[in-house]
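Coordinates as given in start15.cif (mmCIF, C-alpha atoms and all ligand atoms):
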data_start
#
loop_
_atom_site.label_atom_id
_atom_site.label_comp_id
_atom_site.auth_asym_id
_atom_site.auth_seq_id
_atom_site.Cartn_x
_atom_site.Cartn_y
_atom_site.Cartn_z
CA MET A 6 5.56 -0.11 -8.42
CA ASN A 7 5.24 -3.19 -6.28
CA GLN A 8 2.28 -2.29 -4.17
CA SER A 9 2.03 -5.84 -2.86
CA ASN A 10 3.53 -4.74 0.42
CA HIS A 11 1.14 -1.98 1.18
CA GLN A 12 -1.54 -2.33 3.83
CA ALA A 13 -4.71 -3.38 2.05
CA ASN A 14 -8.05 -1.65 2.64
CA VAL A 15 -10.91 -4.15 2.92
CA LEU A 16 -14.60 -3.22 3.02
CA ILE A 17 -17.01 -5.65 4.70
CA VAL A 18 -20.64 -5.21 3.70
CA ASP A 19 -23.12 -7.12 5.87
CA ASP A 20 -26.30 -6.17 7.71
CA VAL A 21 -25.47 -8.60 10.54
CA THR A 22 -23.09 -7.04 13.07
CA ARG A 23 -21.90 -10.43 14.27
CA ASN A 24 -20.64 -11.34 10.79
CA ILE A 25 -18.71 -8.07 10.54
CA GLN A 26 -17.14 -8.77 13.93
CA ILE A 27 -16.12 -12.32 12.98
CA ILE A 28 -14.51 -11.26 9.68
CA SER A 29 -12.77 -8.29 11.32
CA ALA A 30 -11.38 -10.56 14.01
CA ILE A 31 -9.93 -12.84 11.32
CA LEU A 32 -8.47 -10.11 9.09
CA LYS A 33 -7.28 -7.44 11.51
CA PRO A 34 -4.45 -9.47 13.10
CA GLU A 35 -3.07 -9.96 9.56
CA GLY A 36 -2.62 -6.19 9.25
CA TYR A 37 -5.53 -5.40 6.93
CA LYS A 38 -7.30 -2.07 7.34
CA ILE A 39 -10.98 -2.82 7.83
CA ALA A 40 -14.03 -0.66 7.15
CA PHE A 41 -17.64 -1.80 7.10
CA ALA A 42 -21.06 -0.89 5.74
CA ARG A 43 -24.38 -2.33 6.91
CA SER A 44 -26.21 -2.06 3.61
CA GLY A 45 -25.59 -2.02 -0.13
CA GLU A 46 -26.58 1.63 -0.29
CA ALA A 47 -24.06 2.55 2.43
CA ALA A 48 -21.34 0.53 0.66
CA LEU A 49 -21.93 2.37 -2.61
CA GLU A 50 -21.37 5.64 -0.76
CA ARG A 51 -18.26 4.47 1.15
CA VAL A 52 -16.41 3.36 -1.97
CA LYS A 53 -16.39 6.98 -3.14
CA ASP A 54 -14.26 8.08 -0.18
CA ILE A 55 -11.72 5.32 0.44
CA PRO A 56 -9.62 3.49 -2.18
CA PHE A 57 -10.60 -0.05 -1.19
CA ASP A 58 -8.58 -2.99 -2.45
CA LEU A 59 -11.21 -5.65 -1.82
CA ILE A 60 -14.91 -5.85 -0.94
CA LEU A 61 -16.51 -8.72 0.99
CA LEU A 62 -20.18 -8.44 0.10
CA ASP A 63 -23.10 -10.22 1.72
CA ILE A 64 -25.82 -11.29 -0.72
CA MET A 65 -28.94 -11.28 1.43
CA MET A 66 -29.47 -7.80 2.82
CA PRO A 67 -32.51 -5.59 3.34
CA GLY A 68 -32.73 -2.76 0.77
CA ILE A 69 -30.65 -3.52 -2.32
CA ASP A 70 -29.12 -6.98 -2.07
CA GLY A 71 -25.50 -7.96 -2.75
CA TYR A 72 -26.14 -8.77 -6.42
CA GLU A 73 -27.63 -5.34 -7.10
CA THR A 74 -24.91 -3.60 -5.09
CA CYS A 75 -22.24 -5.36 -7.15
CA ARG A 76 -24.06 -4.68 -10.42
CA ARG A 77 -24.25 -0.93 -9.69
CA LEU A 78 -20.63 -0.81 -8.56
CA LYS A 79 -19.43 -2.49 -11.74
CA ASN A 80 -21.67 -0.68 -14.22
CA ASP A 81 -22.61 2.75 -12.94
CA PRO A 82 -20.60 5.36 -14.90
CA LEU A 83 -20.72 7.41 -11.72
CA TYR A 84 -17.80 5.34 -10.48
CA ALA A 85 -14.26 5.77 -11.75
CA SER A 86 -12.66 2.71 -13.32
CA GLU A 87 -10.45 2.17 -10.23
CA ILE A 88 -13.62 1.77 -8.16
CA GLN A 89 -15.36 -0.46 -10.70
CA GLU A 90 -12.32 -2.72 -10.72
CA ILE A 91 -12.22 -3.37 -6.95
CA PRO A 92 -12.50 -7.15 -6.63
CA VAL A 93 -15.70 -8.34 -4.93
CA ILE A 94 -16.01 -11.59 -2.99
CA PHE A 95 -19.57 -12.64 -2.16
CA LEU A 96 -20.40 -13.83 1.34
CA THR A 97 -23.16 -16.34 0.99
CA ALA A 98 -25.06 -18.94 2.91
CA LYS A 99 -26.26 -20.27 -0.44
CA THR A 100 -24.28 -23.00 -2.03
CA ASP A 101 -26.63 -23.71 -4.89
CA PRO A 102 -24.75 -23.44 -8.18
CA ASP A 103 -27.15 -20.87 -9.65
CA SER A 104 -26.52 -18.20 -7.05
CA VAL A 105 -22.77 -18.73 -7.35
CA VAL A 106 -22.89 -18.46 -11.16
CA LYS A 107 -25.07 -15.35 -10.90
CA GLY A 108 -22.44 -13.77 -8.65
CA PHE A 109 -19.66 -14.48 -11.16
CA ASP A 110 -21.81 -13.16 -14.02
CA ILE A 111 -22.25 -9.85 -12.24
CA GLY A 112 -18.50 -9.47 -11.81
CA ALA A 113 -17.59 -11.10 -8.48
CA VAL A 114 -14.20 -12.81 -8.38
CA ASP A 115 -15.02 -15.40 -5.73
CA TYR A 116 -17.43 -16.43 -3.00
CA ILE A 117 -17.11 -17.59 0.60
CA THR A 118 -19.81 -19.57 2.32
CA LYS A 119 -21.07 -19.04 5.85
CA PRO A 120 -20.30 -20.09 8.53
CA PHE A 121 -16.79 -18.75 7.86
CA ARG A 122 -13.68 -20.84 8.26
CA ALA A 123 -10.86 -18.49 9.20
CA SER A 124 -8.20 -20.27 7.13
CA GLU A 125 -10.37 -20.35 4.00
CA LEU A 126 -11.41 -16.71 4.34
CA LEU A 127 -7.81 -15.62 4.82
CA ALA A 128 -6.54 -17.70 1.92
CA ARG A 129 -9.13 -16.29 -0.49
CA VAL A 130 -8.61 -12.70 0.64
CA LYS A 131 -4.83 -13.04 0.29
CA THR A 132 -5.07 -14.61 -3.16
CA HIS A 133 -7.36 -11.94 -4.56
CA LEU A 134 -5.35 -9.09 -3.10
CA LYS A 135 -2.19 -10.60 -4.56
CA LEU A 136 -3.87 -10.83 -7.94
CA LYS A 137 -5.15 -7.27 -7.73
CA PHE A 138 -1.73 -5.82 -6.88
CA ALA A 139 -0.02 -7.95 -9.52
CA LEU A 140 -2.48 -6.62 -12.11
CA GLU A 141 -1.85 -3.03 -11.01
CA ASP A 142 1.91 -3.54 -11.22
CA LEU A 143 1.50 -5.00 -14.70
CA GLN A 144 -0.69 -2.11 -15.84
CA GLU A 145 1.87 0.36 -14.51
CA ALA A 146 4.76 -1.48 -16.16
CA ASN A 147 2.83 -1.52 -19.41
CA ALA A 148 2.07 2.21 -19.19
CA ALA A 149 5.77 2.82 -18.49
CA LYS A 150 6.77 0.78 -21.53
CA ASP A 151 4.29 2.66 -23.76
CA ARG A 152 5.57 5.95 -22.41
CA PHE A 153 9.18 4.95 -23.08
CA PHE A 154 8.52 4.13 -26.72
CA SER A 155 6.36 7.17 -27.25
CA ILE A 156 9.12 9.43 -25.88
CA ILE A 157 11.67 7.90 -28.22
CA ALA A 158 9.31 8.08 -31.19
CA HIS A 159 7.99 11.62 -30.69
CA ASP A 160 9.58 13.72 -28.01
CA LEU A 161 13.20 12.91 -28.76
CA LYS A 162 12.75 12.96 -32.50
CA GLY A 163 11.25 16.46 -32.65
CA PRO A 164 14.26 18.47 -31.43
CA PHE A 165 16.47 16.73 -34.01
CA ASN A 166 14.62 18.57 -36.78
CA SER A 167 15.94 21.92 -35.70
CA LEU A 168 19.46 20.53 -35.12
CA LEU A 169 19.49 19.02 -38.60
CA GLY A 170 17.92 22.11 -40.14
CA TYR A 171 20.39 24.63 -38.71
CA SER A 172 23.45 22.46 -39.28
CA ASP A 173 22.26 21.93 -42.84
CA PHE A 174 22.08 25.71 -43.42
CA LEU A 175 25.62 26.09 -42.18
CA LEU A 176 26.96 23.21 -44.21
CA ASN A 177 25.32 23.99 -47.53
CA TYR A 178 24.73 27.76 -47.48
CA TRP A 179 27.67 28.99 -45.39
CA GLU A 180 28.46 31.85 -47.77
CA ASN A 181 24.91 33.17 -47.76
CA TYR A 182 25.06 34.17 -44.11
CA THR A 183 26.86 36.85 -42.12
CA ASN A 184 29.14 35.89 -39.24
CA GLU A 185 26.53 37.21 -36.84
CA LYS A 186 23.83 34.99 -38.36
CA ARG A 187 26.11 31.93 -38.35
CA LYS A 188 26.94 32.51 -34.71
CA ASN A 189 23.22 32.60 -33.91
CA PHE A 190 22.71 29.29 -35.71
CA VAL A 191 25.55 27.69 -33.74
CA LYS A 192 24.10 29.10 -30.52
CA THR A 193 20.71 27.56 -31.30
CA ILE A 194 22.32 24.22 -32.19
CA ASN A 195 24.23 24.31 -28.91
CA GLN A 196 21.14 25.14 -26.84
CA GLN A 197 19.02 22.52 -28.57
CA SER A 198 21.71 19.85 -28.12
CA ASN A 199 21.91 20.69 -24.42
CA ARG A 200 18.16 20.40 -24.07
CA LEU A 201 18.09 17.14 -25.99
CA PHE A 202 20.90 15.80 -23.85
CA ARG A 203 18.97 16.66 -20.67
CA MET A 204 15.89 14.89 -22.05
CA LEU A 205 17.94 11.84 -22.86
CA GLU A 206 19.53 11.92 -19.41
CA ASN A 207 16.08 11.98 -17.80
CA LEU A 208 14.95 9.11 -19.97
CA LEU A 209 18.00 7.01 -19.16
CA ASN A 210 17.81 7.77 -15.44
CA TRP A 211 14.16 6.92 -15.39
CA SER A 212 14.62 3.63 -17.24
CA ARG A 213 17.50 2.73 -14.91
CA MET A 214 15.19 3.44 -12.00
CA GLN A 215 12.47 1.21 -13.53
CA LEU A 216 14.95 -1.60 -13.96
CA GLY A 217 16.12 -1.15 -10.36
CA LYS A 218 19.61 -0.39 -11.64
CA MET A 219 19.90 3.18 -10.42
CA GLU A 220 22.60 3.48 -7.81
CA HIS A 221 21.60 5.27 -4.65
CA GLN A 222 24.60 6.46 -2.67
CA PRO A 223 23.51 8.86 0.03
CA ALA A 224 26.19 10.98 1.67
CA LYS A 225 26.66 14.42 3.15
CA ILE A 226 25.93 16.92 0.38
CA LYS A 227 26.36 20.67 0.14
CA LEU A 228 23.23 21.99 -1.53
CA TYR A 229 25.09 25.03 -2.87
CA LEU A 230 27.52 22.79 -4.75
CA LEU A 231 24.56 21.09 -6.43
CA SER A 232 22.50 24.18 -7.21
CA GLU A 233 25.27 26.45 -8.52
CA PRO A 234 26.45 24.28 -11.46
CA ASN A 235 22.84 23.82 -12.51
CA LEU A 236 22.15 27.54 -12.31
CA LEU A 237 25.24 28.14 -14.41
CA LEU A 238 24.17 25.52 -16.93
CA LEU A 239 20.68 26.97 -17.29
CA LYS A 240 21.65 30.64 -17.15
CA PRO A 241 21.88 31.07 -20.96
CA GLN A 242 18.35 29.72 -21.29
CA ALA A 243 17.10 32.22 -18.69
CA GLU A 244 19.07 35.09 -20.23
CA LYS A 245 17.55 34.39 -23.61
CA LYS A 246 14.14 35.07 -22.04
CA LYS A 247 15.49 37.91 -19.83
CA ILE A 248 14.35 35.95 -16.78
CA LYS A 249 16.01 36.85 -13.46
CA LEU A 250 17.31 33.94 -11.40
CA TYR A 251 17.80 34.34 -7.63
CA SER A 252 19.10 31.74 -5.22
CA ASP A 253 19.49 32.08 -1.47
CA ILE A 254 21.10 28.68 -0.90
CA ASP A 255 23.87 29.21 1.62
CA LYS A 256 27.36 27.88 0.91
CA ASP A 257 27.37 25.90 4.17
CA THR A 258 23.90 24.33 4.05
CA SER A 259 24.29 20.59 4.04
CA ALA A 260 21.84 17.69 3.68
CA TYR A 261 21.95 13.91 3.39
CA GLY A 262 21.16 12.36 0.01
CA ASP A 263 22.45 11.06 -3.30
CA SER A 264 24.14 14.00 -4.99
CA ASN A 265 23.31 12.87 -8.54
CA MET A 266 19.65 12.43 -7.77
CA ILE A 267 19.24 15.71 -5.86
CA SER A 268 21.15 17.57 -8.56
CA THR A 269 18.82 16.09 -11.22
CA VAL A 270 15.79 17.25 -9.22
CA ILE A 271 17.12 20.80 -8.84
CA ARG A 272 18.05 20.93 -12.55
CA ASN A 273 14.63 19.75 -13.69
CA LEU A 274 12.74 22.16 -11.45
CA ILE A 275 14.80 25.18 -12.53
CA SER A 276 14.64 24.14 -16.17
CA ASN A 277 10.84 23.84 -15.96
CA ALA A 278 10.54 27.19 -14.19
CA ILE A 279 12.47 28.85 -17.05
CA LYS A 280 10.47 27.00 -19.66
CA PHE A 281 7.08 27.98 -18.26
CA THR A 282 7.86 31.60 -17.36
CA HIS A 283 7.30 34.44 -19.80
CA PRO A 284 10.20 36.71 -20.74
CA LYS A 285 11.20 39.18 -18.00
CA GLY A 286 9.78 36.96 -15.26
CA GLU A 287 11.50 35.91 -12.04
CA ILE A 288 12.61 32.62 -10.52
CA ARG A 289 13.66 32.16 -6.89
CA ILE A 290 15.35 29.19 -5.29
CA THR A 291 15.08 29.15 -1.52
CA CYS A 292 16.15 26.74 1.18
CA GLN A 293 14.56 26.51 4.62
CA GLU A 294 14.92 24.23 7.59
CA ASP A 295 11.83 22.08 8.10
CA GLY A 296 12.19 19.88 11.18
CA ASP A 297 14.66 17.13 10.31
CA PHE A 298 14.60 18.18 6.66
CA ARG A 299 15.76 20.93 4.35
CA LYS A 300 13.00 22.28 2.15
CA ILE A 301 14.10 23.56 -1.24
CA THR A 302 11.59 25.61 -3.20
CA VAL A 303 11.75 26.76 -6.80
CA SER A 304 9.13 29.42 -7.40
CA ASP A 305 8.39 31.20 -10.63
CA THR A 306 6.16 33.99 -11.90
CA GLY A 307 5.16 31.85 -14.87
CA ILE A 308 1.98 30.55 -16.46
CA GLY A 309 0.98 28.32 -13.52
CA ILE A 310 -0.90 25.02 -13.71
CA ALA A 311 -4.67 24.46 -13.64
CA ASP A 312 -5.94 22.48 -10.62
CA GLU A 313 -7.29 19.68 -12.80
CA ASN A 314 -3.84 19.19 -14.36
CA ILE A 315 -1.86 19.11 -11.12
CA VAL A 316 -3.04 15.55 -10.40
CA LYS A 317 -1.77 14.41 -13.81
CA LEU A 318 1.78 15.68 -13.30
CA PHE A 319 3.15 12.64 -11.49
CA ARG A 320 1.29 9.86 -13.30
CA ILE A 321 3.12 7.81 -15.87
CA ASP A 322 -0.15 6.96 -17.65
CA GLY A 323 -1.22 10.63 -17.63
CA HIS A 324 1.33 11.74 -20.25
CA PHE A 325 0.93 15.36 -19.29
CA SER A 326 3.27 17.66 -21.14
CA THR A 327 2.63 21.10 -22.57
CA TYR A 328 4.77 23.48 -24.62
CA GLY A 329 6.80 26.17 -22.85
CA THR A 330 6.22 29.88 -23.41
CA GLU A 331 8.65 29.77 -26.36
CA LYS A 332 7.16 26.55 -27.73
CA GLU A 333 9.79 24.42 -25.97
CA SER A 334 8.74 20.77 -26.12
CA GLY A 335 9.14 18.15 -23.38
CA THR A 336 8.60 14.55 -22.42
CA GLY A 337 6.38 14.79 -19.33
CA LEU A 338 8.94 12.61 -17.57
CA GLY A 339 10.93 15.18 -15.60
CA LEU A 340 8.56 15.56 -12.65
CA ILE A 341 7.85 11.84 -12.41
CA LEU A 342 11.58 11.24 -12.18
CA CYS A 343 12.01 14.08 -9.65
CA LYS A 344 9.33 12.60 -7.41
CA GLU A 345 10.88 9.14 -7.55
CA PHE A 346 14.34 10.54 -6.77
CA VAL A 347 13.11 12.68 -3.88
CA GLU A 348 11.17 9.78 -2.35
CA LYS A 349 14.14 7.46 -2.79
CA ASN A 350 16.08 9.93 -0.63
CA GLY A 351 13.38 9.98 2.05
CA GLY A 352 11.80 13.31 1.12
CA LYS A 353 8.58 14.59 -0.43
CA LEU A 354 7.86 16.67 -3.51
CA TRP A 355 4.79 18.82 -4.02
CA VAL A 356 3.52 21.75 -6.00
CA GLU A 357 1.42 24.82 -5.31
CA SER A 358 0.34 26.71 -8.37
CA GLU A 359 -2.09 29.31 -9.60
CA GLU A 360 -2.90 29.67 -13.27
CA GLY A 361 -1.56 32.90 -14.68
CA LYS A 362 0.37 33.75 -11.50
CA GLY A 363 3.11 31.16 -11.13
CA SER A 364 4.17 27.87 -9.57
CA LYS A 365 6.06 26.79 -6.51
CA PHE A 366 7.68 23.35 -6.57
CA SER A 367 9.07 22.26 -3.20
CA PHE A 368 10.89 19.17 -2.05
CA THR A 369 12.49 18.00 1.14
CA VAL A 370 15.74 16.17 1.74
CA PRO A 371 16.89 14.91 5.17
CA CYS A 372 19.35 17.03 7.15
CA PHE A 373 22.82 15.59 7.64
CA LYS A 374 23.24 14.47 11.27
P1 LIG B 1 8.18 18.27 -19.53
O1 LIG B 1 8.50 19.64 -18.99
O2 LIG B 1 9.33 17.63 -20.22
O3 LIG B 1 6.90 18.21 -20.28
P2 LIG B 1 7.79 17.60 -16.75
O4 LIG B 1 7.42 16.32 -16.10
O5 LIG B 1 9.00 18.29 -16.22
O6 LIG B 1 7.94 17.30 -18.27
O7 LIG B 1 6.56 18.57 -16.64
C1 LIG B 1 5.28 18.11 -17.02
C2 LIG B 1 4.36 19.27 -17.28
O8 LIG B 1 4.10 19.96 -16.05
C3 LIG B 1 4.92 20.34 -18.19
O9 LIG B 1 4.81 19.98 -19.57
C4 LIG B 1 4.04 21.53 -17.81
O10 LIG B 1 2.76 21.42 -18.41
C5 LIG B 1 3.87 21.34 -16.31
N1 LIG B 1 4.86 22.13 -15.55
C6 LIG B 1 6.00 21.66 -14.98
N2 LIG B 1 6.66 22.66 -14.34
C7 LIG B 1 5.93 23.78 -14.51
C8 LIG B 1 6.06 25.16 -14.08
N3 LIG B 1 7.10 25.57 -13.35
N4 LIG B 1 5.08 26.03 -14.45
C9 LIG B 1 4.02 25.62 -15.19
N5 LIG B 1 3.84 24.34 -15.62
C10 LIG B 1 4.76 23.44 -15.29
#

Take the structure I supplied and represent it as structure tokens, if you would.
Amino acid sequence: MNQSNHQANVLIVDDVTRNIQIISAILKPEGYKIAFARSGEAALERVKDIPFDLILLDIMMPGIDGYETCRRLKNDPLYASEIQEIPVIFLTAKTDPDSVVKGFDIGAVDYITKPFRASELLARVKTHLKLKFALEDLQEANAAKDRFFSIIAHDLKGPFNSLLGYSDFLLNYWENYTNEKRKNFVKTINQQSNRLFRMLENLLNWSRMQLGKMEHQPAKIKLYLLSEPNLLLLKPQAEKKKIKLYSDIDKDTSAYGDSNMISTVIRNLISNAIKFTHPKGEIRITCQEDGDFRKITVSDTGIGIADENIVKLFRIDGHFSTYGTEKESGTGLGLILCKEFVEKNGGKLWVESEEGKGSKFSFTVPCFK
């Protein structure tokens, strides 16, 4: 969240080179990234490649004019909603009320009249960018809120059914079962409670992060001391599926980060690898030096992820969650949290995956110096 600080991309559309130069000279010193197009047609192509935050659009141009350019941008289903929503400010020599009203009707947010006054142009650009980023932050916060409630209502509720069911069997029909059977019930209850607890932990960590209340205390960490307890914790889950777990993390390998956060990332990645790998598969955890970073990779021989789904993994509004190979449910929150934690510690998280062959989740954490 809070994109207000990022460097905004502004597209200037004008057939007159001089106008482009004047506007660039006003905006560039303020740190905006400027691109330009000399016609409406060229602008409609450029918006496909760069995520612009604002468009300054001349009305009178040869070929399609500014009105038509704006109309196509706002209405053509060819464009994704993010593109259709880029705010457009008309650049116009016309001050007659009709042309201004027409601009607003088509979807422009404002207009600036030529000849440009630097202070006015800057003020309008700043205001509309501020509005755009505030709207995006709001939409994200709203998606996060929806996600939070939906997790509580569906994803957390589901696993309780099996806990209640098995404990009910034990309580009311104890005599009907053999010791062996009872032990299996208790084992399932224990595994389900552990899973539910991990889900809840993710949810709480994530909401703390959203509220800005998550403590970040980086220090020298030994990666082995973070990976081993998690491997131990998740071993029963892997054993149940006869999945082999290998780790080559050396006892002495250190890094610099918040131990709670890095441990949560490792736990989530291993837990996912187990969840999405068929019985008798393999999972490897490796650690390599990568410049000033350590790169930790969790690779599995599991079901993999389709290309079109990879982009949805880290989006809070994407709500991408599928069942594991043994119908294990999830919240779709784990990877979003992992990415936030890794970035908070100055690293990156990414995935390489092939459907049917397996996945490789890697993240970096700075070396301790
Ligand atoms: P959850 O596992 O609780 O749904 P995550 O954010 O951890 O939430 O994962 C989101 C989705 O990404 C999973 O539901 C699954 O579809 C996919 N995924 C994550 N890790 C793997 C993996 N190792 N192999 C295949 N798919 C994965």

Give me the residues of chain A that have any atom at most 8 Å from an atom of ligand LIG 1 (chain B); for each, the nearest atom pair and the distance in Å, rounded to one decimal. Use all atoms listed in the file, sort by chain and number, and format it as a tab-separated table.
residue	atom	partner	partner_atom	distance
A:Met204	CA	B:LIG1	O2	7.3
A:Asn273	CA	B:LIG1	O5	6.3
A:Leu274	CA	B:LIG1	N2	6.8
A:Ile275	CA	B:LIG1	N3	7.8
A:Asn277	CA	B:LIG1	N2	4.6
A:Ala278	CA	B:LIG1	N3	3.9
A:Ile279	CA	B:LIG1	N3	7.3
A:Lys280	CA	B:LIG1	N3	7.3
A:Phe281	CA	B:LIG1	N4	4.7
A:Thr282	CA	B:LIG1	N4	6.9
A:Ser304	CA	B:LIG1	N3	7.4
A:Asp305	CA	B:LIG1	N3	6.4
A:Gly307	CA	B:LIG1	N4	5.8
A:Ile308	CA	B:LIG1	C9	5.5
A:Gly309	CA	B:LIG1	C9	4.4
A:Ile310	CA	B:LIG1	N5	5.2
A:Ile315	CA	B:LIG1	O8	7.8
A:Leu318	CA	B:LIG1	O8	5.6
A:Phe319	CA	B:LIG1	O4	7.3
A:Phe325	CA	B:LIG1	C2	5.6
A:Ser326	CA	B:LIG1	O9	3.2
A:Thr327	CA	B:LIG1	O9	3.9
A:Tyr328	CA	B:LIG1	O9	6.1
A:Gly329	CA	B:LIG1	O9	7.3
A:Ser334	CA	B:LIG1	O3	6.6
A:Gly335	CA	B:LIG1	O2	3.2
A:Thr336	CA	B:LIG1	O2	3.9
A:Gly337	CA	B:LIG1	O6	3.1
A:Leu338	CA	B:LIG1	O4	4.3
A:Gly339	CA	B:LIG1	O5	3.7
A:Leu340	CA	B:LIG1	O4	3.7
A:Ile341	CA	B:LIG1	O4	5.8
A:Leu342	CA	B:LIG1	O4	7.6
A:Ser358	CA	B:LIG1	N4	7.7
A:Gly363	CA	B:LIG1	N4	6.4
A:Ser364	CA	B:LIG1	N4	5.3
A:Lys365	CA	B:LIG1	N3	7.0
A:Phe366	CA	B:LIG1	N3	7.2

Would you mind exporting the chosen residues as a PDB file, in the frame of the given file, restricted to C-alpha atoms?
ATOM      1  CA  MET A 204      15.890  14.890 -22.050  1.00  0.00           C
ATOM      2  CA  ASN A 273      14.630  19.750 -13.690  1.00  0.00           C
ATOM      3  CA  LEU A 274      12.740  22.160 -11.450  1.00  0.00           C
ATOM      4  CA  ILE A 275      14.800  25.180 -12.530  1.00  0.00           C
ATOM      5  CA  ASN A 277      10.840  23.840 -15.960  1.00  0.00           C
ATOM      6  CA  ALA A 278      10.540  27.190 -14.190  1.00  0.00           C
ATOM      7  CA  ILE A 279      12.470  28.850 -17.050  1.00  0.00           C
ATOM      8  CA  LYS A 280      10.470  27.000 -19.660  1.00  0.00           C
ATOM      9  CA  PHE A 281       7.080  27.980 -18.260  1.00  0.00           C
ATOM     10  CA  THR A 282       7.860  31.600 -17.360  1.00  0.00           C
ATOM     11  CA  SER A 304       9.130  29.420  -7.400  1.00  0.00           C
ATOM     12  CA  ASP A 305       8.390  31.200 -10.630  1.00  0.00           C
ATOM     13  CA  GLY A 307       5.160  31.850 -14.870  1.00  0.00           C
ATOM     14  CA  ILE A 308       1.980  30.550 -16.460  1.00  0.00           C
ATOM     15  CA  GLY A 309       0.980  28.320 -13.520  1.00  0.00           C
ATOM     16  CA  ILE A 310      -0.900  25.020 -13.710  1.00  0.00           C
ATOM     17  CA  ILE A 315      -1.860  19.110 -11.120  1.00  0.00           C
ATOM     18  CA  LEU A 318       1.780  15.680 -13.300  1.00  0.00           C
ATOM     19  CA  PHE A 319       3.150  12.640 -11.490  1.00  0.00           C
ATOM     20  CA  PHE A 325       0.930  15.360 -19.290  1.00  0.00           C
ATOM     21  CA  SER A 326       3.270  17.660 -21.140  1.00  0.00           C
ATOM     22  CA  THR A 327       2.630  21.100 -22.570  1.00  0.00           C
ATOM     23  CA  TYR A 328       4.770  23.480 -24.620  1.00  0.00           C
ATOM     24  CA  GLY A 329       6.800  26.170 -22.850  1.00  0.00           C
ATOM     25  CA  SER A 334       8.740  20.770 -26.120  1.00  0.00           C
ATOM     26  CA  GLY A 335       9.140  18.150 -23.380  1.00  0.00           C
ATOM     27  CA  THR A 336       8.600  14.550 -22.420  1.00  0.00           C
ATOM     28  CA  GLY A 337       6.380  14.790 -19.330  1.00  0.00           C
ATOM     29  CA  LEU A 338       8.940  12.610 -17.570  1.00  0.00           C
ATOM     30  CA  GLY A 339      10.930  15.180 -15.600  1.00  0.00           C
ATOM     31  CA  LEU A 340       8.560  15.560 -12.650  1.00  0.00           C
ATOM     32  CA  ILE A 341       7.850  11.840 -12.410  1.00  0.00           C
ATOM     33  CA  LEU A 342      11.580  11.240 -12.180  1.00  0.00           C
ATOM     34  CA  SER A 358       0.340  26.710  -8.370  1.00  0.00           C
ATOM     35  CA  GLY A 363       3.110  31.160 -11.130  1.00  0.00           C
ATOM     36  CA  SER A 364       4.170  27.870  -9.570  1.00  0.00           C
ATOM     37  CA  LYS A 365       6.060  26.790  -6.510  1.00  0.00           C
ATOM     38  CA  PHE A 366       7.680  23.350  -6.570  1.00  0.00           C
TER      39      PHE A 366
END

Using the file's own x, y and z axes, so that the box edges lie along x, y and z, what centre and edge lengths in Å (one decimal) does a box around every listed atom of range 325-330 of chain A get when 4 Å is added on each side? Give it as lines of an AutoDock Vina configuration file.
center_x = 3.9
center_y = 22.6
center_z = -22.0
size_x = 13.9
size_y = 22.5
size_z = 13.3

Can you check which parts of range 168-222 of chain A lie within 12 Å of range 133-153 of chain A? Per residue, the shortest pair of atoms and distance in Å to one decimal, counting all atoms listed in the file, sorted by chain and number, as a tab-separated table.
residue	atom	partner	partner_atom	distance
A:Leu205	CA	A:Phe153	CA	11.1
A:Asn207	CA	A:Phe153	CA	11.2
A:Leu208	CA	A:Phe153	CA	7.8
A:Leu209	CA	A:Phe153	CA	9.9
A:Asn210	CA	A:Phe153	CA	11.9
A:Trp211	CA	A:Phe153	CA	9.4
A:Ser212	CA	A:Phe153	CA	8.1
A:Arg213	CA	A:Phe153	CA	11.9
A:Met214	CA	A:Ala149	CA	11.5
A:Gln215	CA	A:Ala149	CA	8.5
A:Leu216	CA	A:Ala146	CA	10.4

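Straight-line separation from CA of Ile91 in chain A to CA of Ile60 in chain A: 7.0 Å.
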
Between CA of Leu169 in chain A and CA of Ile248 in chain A, measure the distance and give it in Å to one decimal.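 About the pair CA of Leu169 in chain A and CA of Ile248 in chain A: they are 28.1 Å apart.
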
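Shortest atom-to-atom contact with Asp257 in chain A among A:Val370, A:Leu230, A:Ile271, A:Ile301: A:Leu230, counting all atoms listed in the file.
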
Might you pull out every residue within 7 Å of Lys119 in chain A, with all atoms listed in the file counted and same-chain residues fewer than 2 positions away left off, and present them as a count of residues only? 5

With all atoms listed in the file as the basis for distance, which of A:Gln293, A:Thr22, A:Thr118, A:Ser276 is at the shortest distance from Ile254 in chain A? A:Gln293

Find the spatial neighbours of Lys227 in chain A, counting only C-alpha atoms, within a cut-off of 10 Å - ignore same-chain residues fewer than 5 positions away - and output them as a PyMOL selection string. chain A and resi 232+254-262+264+373

Mind checking which residues fall within 9 Å of Ser124 in chain A, counting all atoms listed in the file, ignoring those fewer than 4 positions away in the same chain, and posting them as a ChimeraX atom specification? /A:31,128-129

So that I can see what lies close to range 34-49 of chain A, please list as a CSV table (one decimal) with C-alpha atoms, in the frame of the given file the residues with an atom at most 7 Å from it, counting all atoms listed in the file and leaving out residues fewer than 6 positions away in the same chain.
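Saved the output as out-v4.csv:
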chain,number,residue,atom,x,y,z
A,12,GLN,CA,-1.5,-2.3,3.8
A,13,ALA,CA,-4.7,-3.4,2.0
A,14,ASN,CA,-8.0,-1.6,2.6
A,15,VAL,CA,-10.9,-4.2,2.9
A,16,LEU,CA,-14.6,-3.2,3.0
A,17,ILE,CA,-17.0,-5.6,4.7
A,18,VAL,CA,-20.6,-5.2,3.7
A,19,ASP,CA,-23.1,-7.1,5.9
A,20,ASP,CA,-26.3,-6.2,7.7
A,66,MET,CA,-29.5,-7.8,2.8
A,69,ILE,CA,-30.6,-3.5,-2.3
A,70,ASP,CA,-29.1,-7.0,-2.1
A,71,GLY,CA,-25.5,-8.0,-2.8
A,74,THR,CA,-24.9,-3.6,-5.1
A,78,LEU,CA,-20.6,-0.8,-8.6
